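Participant: What follows is a structure written as structure tokens; I'll ask about it next.
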Amino acid sequence: MLVIIHTMNNQSPSTADNKKERNPADFPLLGMLSLGPAHGYDLCAGLRERLGEIWTLRASHIYALLTGLEKDGLVSHERIDQENRPAKKVFRITPEGRNLFSAWMTSPVGNVRDMRLEFFAKLYFARLESRGAADKLIDDQLKVCRKNVGRLMAQIETCNVEAERSILDYRITMLKATASWLRTARQANLLQSRTEESTEHLN
């Protein structure tokens, strides 16, 4: 089989491109590419396999996102011509893309509503990097939860509107439940680490 690779060179992205607000779906794609080069359909299958229902993106959506990422210099692609088969694009993350992804992965989310989509994707990739990275992300997210609870508690003390107090109370309850889950996850990581250390000593 004859395989010819055409490398597509891109201009370096501007500082403005790196700092612009990005589609949240960009980051799981960058995370997948941080694990190695991949074809668009491989990315679609990989996201489904690794993140399940957290992120479900159609192949057409993935290619549209990849086009934007490549325009900003965060990914590049190689066109691979194959004998008797259609050419395909294989994408890889650039150093700029890796830096952007790392900054996203290690940053806690600011709102509890972002936990389901963003935080659990961050935590998945952080766990792949190291247990230390996952522990730090959990600890940082706990700090955000505590800060937000304190802020809302201060608001509820001075609030005289019953409906608004109910909303604040609901948000505080959600934050406390989130913090409880984070503490459980942190403890599970610690127990797993101790188990692995004990196994290593026995060996």
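Each chain of the structure tokens is named A, B, ... in the order shown, its residues numbered from 1; ligands are numbered from 1 in display order.
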Do a neighbour search on Ala179 (chain A) at 12 Å with only C-alpha atoms, toss out local chain neighbours closer than 2 positions, and write the hits as a PDB file with N, CA and C atoms, in the first residue's frame.
Facilitator:
ATOM      1  N   VAL A 112     -21.154  25.723  39.840  1.00  0.00           N
ATOM      2  CA  VAL A 112     -21.525  24.327  40.020  1.00  0.00           C
ATOM      3  C   VAL A 112     -22.207  23.775  38.766  1.00  0.00           C
ATOM      4  N   MET A 115     -19.998  21.716  36.481  1.00  0.00           N
ATOM      5  CA  MET A 115     -19.378  20.481  36.974  1.00  0.00           C
ATOM      6  C   MET A 115     -19.594  19.326  36.003  1.00  0.00           C
ATOM      7  N   ILE A 138      -8.996  18.542  42.463  1.00  0.00           N
ATOM      8  CA  ILE A 138     -10.078  18.360  43.430  1.00  0.00           C
ATOM      9  C   ILE A 138      -9.948  19.361  44.572  1.00  0.00           C
ATOM     10  N   ASP A 139      -8.737  19.520  45.100  1.00  0.00           N
ATOM     11  CA  ASP A 139      -8.522  20.462  46.203  1.00  0.00           C
ATOM     12  C   ASP A 139      -8.864  21.891  45.788  1.00  0.00           C
ATOM     13  N   ASP A 140      -8.448  22.273  44.584  1.00  0.00           N
ATOM     14  CA  ASP A 140      -8.745  23.620  44.099  1.00  0.00           C
ATOM     15  C   ASP A 140     -10.245  23.818  43.895  1.00  0.00           C
ATOM     16  N   GLN A 141     -10.918  22.763  43.428  1.00  0.00           N
ATOM     17  CA  GLN A 141     -12.371  22.868  43.241  1.00  0.00           C
ATOM     18  C   GLN A 141     -13.079  22.972  44.583  1.00  0.00           C
ATOM     19  N   LEU A 142     -12.585  22.287  45.592  1.00  0.00           N
ATOM     20  CA  LEU A 142     -13.147  22.409  46.943  1.00  0.00           C
ATOM     21  C   LEU A 142     -13.022  23.842  47.457  1.00  0.00           C
ATOM     22  N   LYS A 143     -11.893  24.463  47.198  1.00  0.00           N
ATOM     23  CA  LYS A 143     -11.697  25.854  47.621  1.00  0.00           C
ATOM     24  C   LYS A 143     -12.717  26.775  46.961  1.00  0.00           C
ATOM     25  N   VAL A 144     -12.980  26.546  45.675  1.00  0.00           N
ATOM     26  CA  VAL A 144     -13.965  27.355  44.960  1.00  0.00           C
ATOM     27  C   VAL A 144     -15.354  27.151  45.570  1.00  0.00           C
ATOM     28  N   CYS A 145     -15.689  25.900  45.876  1.00  0.00           N
ATOM     29  CA  CYS A 145     -17.001  25.608  46.473  1.00  0.00           C
ATOM     30  C   CYS A 145     -17.148  26.306  47.822  1.00  0.00           C
ATOM     31  N   ARG A 146     -16.118  26.227  48.658  1.00  0.00           N
ATOM     32  CA  ARG A 146     -16.181  26.870  49.972  1.00  0.00           C
ATOM     33  C   ARG A 146     -16.327  28.387  49.835  1.00  0.00           C
ATOM     34  N   LYS A 147     -15.589  28.953  48.907  1.00  0.00           N
ATOM     35  CA  LYS A 147     -15.672  30.396  48.691  1.00  0.00           C
ATOM     36  C   LYS A 147     -17.070  30.799  48.243  1.00  0.00           C
ATOM     37  N   ASN A 148     -17.648  30.026  47.331  1.00  0.00           N
ATOM     38  CA  ASN A 148     -18.979  30.350  46.821  1.00  0.00           C
ATOM     39  C   ASN A 148     -20.048  30.164  47.895  1.00  0.00           C
ATOM     40  N   VAL A 149     -19.890  29.140  48.739  1.00  0.00           N
ATOM     41  CA  VAL A 149     -20.837  28.953  49.838  1.00  0.00           C
ATOM     42  C   VAL A 149     -20.787  30.149  50.778  1.00  0.00           C
ATOM     43  N   ILE A 172     -26.802  27.007  47.679  1.00  0.00           N
ATOM     44  CA  ILE A 172     -25.913  26.606  48.765  1.00  0.00           C
ATOM     45  C   ILE A 172     -25.967  25.096  48.973  1.00  0.00           C
ATOM     46  N   THR A 173     -27.166  24.537  48.914  1.00  0.00           N
ATOM     47  CA  THR A 173     -27.325  23.084  49.074  1.00  0.00           C
ATOM     48  C   THR A 173     -26.583  22.327  47.973  1.00  0.00           C
ATOM     49  N   MET A 174     -26.690  22.817  46.737  1.00  0.00           N
ATOM     50  CA  MET A 174     -25.997  22.179  45.629  1.00  0.00           C
ATOM     51  C   MET A 174     -24.485  22.248  45.804  1.00  0.00           C
ATOM     52  N   LEU A 175     -23.998  23.397  46.259  1.00  0.00           N
ATOM     53  CA  LEU A 175     -22.555  23.546  46.467  1.00  0.00           C
ATOM     54  C   LEU A 175     -22.058  22.627  47.574  1.00  0.00           C
ATOM     55  N   LYS A 176     -22.823  22.500  48.641  1.00  0.00           N
ATOM     56  CA  LYS A 176     -22.418  21.623  49.729  1.00  0.00           C
ATOM     57  C   LYS A 176     -22.418  20.163  49.287  1.00  0.00           C
ATOM     58  N   ALA A 177     -23.395  19.784  48.469  1.00  0.00           N
ATOM     59  CA  ALA A 177     -23.430  18.415  47.946  1.00  0.00           C
ATOM     60  C   ALA A 177     -22.229  18.161  47.035  1.00  0.00           C
ATOM     61  N   TRP A 181     -19.128  15.427  47.556  1.00  0.00           N
ATOM     62  CA  TRP A 181     -18.665  14.456  46.553  1.00  0.00           C
ATOM     63  C   TRP A 181     -17.169  14.613  46.315  1.00  0.00           C
ATOM     64  N   LEU A 182     -16.691  15.841  46.253  1.00  0.00           N
ATOM     65  CA  LEU A 182     -15.271  16.087  46.024  1.00  0.00           C
ATOM     66  C   LEU A 182     -14.429  15.508  47.162  1.00  0.00           C
ATOM     67  N   ARG A 183     -14.886  15.653  48.393  1.00  0.00           N
ATOM     68  CA  ARG A 183     -14.148  15.081  49.522  1.00  0.00           C
ATOM     69  C   ARG A 183     -14.109  13.565  49.437  1.00  0.00           C
ATOM     70  N   THR A 184     -15.222  12.971  48.999  1.00  0.00           N
ATOM     71  CA  THR A 184     -15.264  11.514  48.826  1.00  0.00           C
ATOM     72  C   THR A 184     -14.295  11.071  47.737  1.00  0.00           C
ATOM     73  N   ALA A 185     -14.259  11.812  46.643  1.00  0.00           N
ATOM     74  CA  ALA A 185     -13.341  11.484  45.544  1.00  0.00           C
ATOM     75  C   ALA A 185     -11.897  11.630  45.991  1.00  0.00           C
ATOM     76  N   ARG A 186     -11.620  12.660  46.773  1.00  0.00           N
ATOM     77  CA  ARG A 186     -10.253  12.877  47.283  1.00  0.00           C
ATOM     78  C   ARG A 186      -9.834  11.726  48.185  1.00  0.00           C
TER      79      ARG A 186
END
Participant: If you run DSSP on the backbone, which residues of region 5-199 of chain A are strand (DSSP E), as number ranges by chain?
Facilitator: A: 5-7, 38-39, 75-82, 85-93
Participant: Kindly assemble as a tab-separated table a list of the region 95-193 of chain A residues that lie within 12 Å of region 47-50 of chain A, each paired with its nearest atom pair and their distance in Å to one decimal, using only C-alpha atoms, sorted first by chain and then by ascending residue number.
Facilitator:
residue	atom	partner	partner_atom	distance
A:Phe120	CA	A:Arg50	CA	11.3
A:Ala121	CA	A:Arg50	CA	9.4
A:Tyr124	CA	A:Arg50	CA	8.5
A:Phe125	CA	A:Arg50	CA	9.8
A:Leu128	CA	A:Arg50	CA	11.1
Participant: Could you tell me how far CA of Ile93 (chain A) sits from CA of Gly36 (chain A), in Å to one decimal place?
Facilitator: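 So the two atoms, CA of Gly36 (chain A) and CA of Ile93 (chain A), lie 8.0 Å apart.
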Participant: Find the residues around Glu96 (chain A) up to 8 Å (only C-alpha atoms counted), leave out those fewer than 4 positions away in its own chain, and share them as number ranges by chain.
Facilitator: A: 73-74, 100
Participant: Nearest to Ala134 (chain A): which of A:Leu43, A:Ile80, A:Ala188, A:Val75 is it, counting only C-alpha atoms?
Facilitator: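 Answer, going by the shortest atom-to-atom distance: A:Ala188.
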Participant: Which residues, written as a ChimeraX atom specification, have at least one atom at most 8 Å from Gly31 (chain A), with only C-alpha atoms counted and residues fewer than 3 positions away on the same chain left out?
Facilitator: /A:27-28,34-35,101,125
Participant: Which is closer to Lys20 (chain A) than all the others in A:Leu69, A:Trp55, A:Glu129, A:Ser76, using only C-alpha atoms?
Facilitator: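 Under the stated criterion, the closest residue is A:Leu69.
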Participant: For CA of Ala133 (chain A) and CA of Thr56 (chain A), determine how far apart the two atoms are, in Å to one decimal place.
Facilitator: 25.0 Å
Participant: Could you list, as a list in words, every residue within 9 Å of Phe119 (chain A), counting only C-alpha atoms and ignoring same-chain residues fewer than 6 positions away?
Facilitator: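 The residues satisfying every condition are Met105, Ser107, Pro108, Val109 and Gln141 of chain A.
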Participant: Please determine, counting only C-alpha atoms, which residue among A:Glu83, A:Asp135, A:Asp26, A:Glu78 has the shortest atom-to-atom distance to Thr106 (chain A).
Facilitator: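 Smallest distance to Thr106 (chain A) is found for A:Asp135.
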Participant: Mind the document's chain letters and residue numbers, and return as number ranges by chain the residues of region 34-190 of chain A that DSSP labels helix (DSSP H, G or I).
Facilitator: A: 34, 40-51, 59-71, 95-105, 112-129, 131-157, 162-190
Participant: Counting only C-alpha atoms, figure out which residue out of A:Arg165, A:Arg127, A:Arg171, A:His77 gets nearest to Arg92 (chain A).
Facilitator: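 With only C-alpha atoms as the atom set, the closest residue is A:His77.
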Participant: CA of Leu152 (chain A) and CA of Arg116 (chain A), how far apart in Å?
Facilitator: 21.0 Å
Participant: At a cut-off of 12 Å, using only C-alpha atoms, what residues contact Ala64 (chain A)? Leave out same-chain residues fewer than 6 positions from it and give the result as a VMD selection string.
Facilitator: chain A and resid 23 25 to 26 29 40 57 to 58 70 to 71
Participant: With C-alpha atoms retained, export the selected residues as a PDB file, in the first residue's frame.
Facilitator:
ATOM      1  CA  ASN A  23     -16.048  26.754  22.809  1.00  0.00           C
ATOM      2  CA  ALA A  25     -16.071  21.463  23.420  1.00  0.00           C
ATOM      3  CA  ASP A  26     -12.630  22.451  22.117  1.00  0.00           C
ATOM      4  CA  LEU A  29     -10.757  17.380  21.638  1.00  0.00           C
ATOM      5  CA  GLY A  40     -11.664  12.826  13.110  1.00  0.00           C
ATOM      6  CA  LEU A  57     -20.189  15.145  19.578  1.00  0.00           C
ATOM      7  CA  ARG A  58     -21.152  14.218  16.039  1.00  0.00           C
ATOM      8  CA  GLU A  70      -6.289  24.620  13.400  1.00  0.00           C
ATOM      9  CA  LYS A  71      -7.023  28.193  12.327  1.00  0.00           C
TER      10      LYS A  71
END
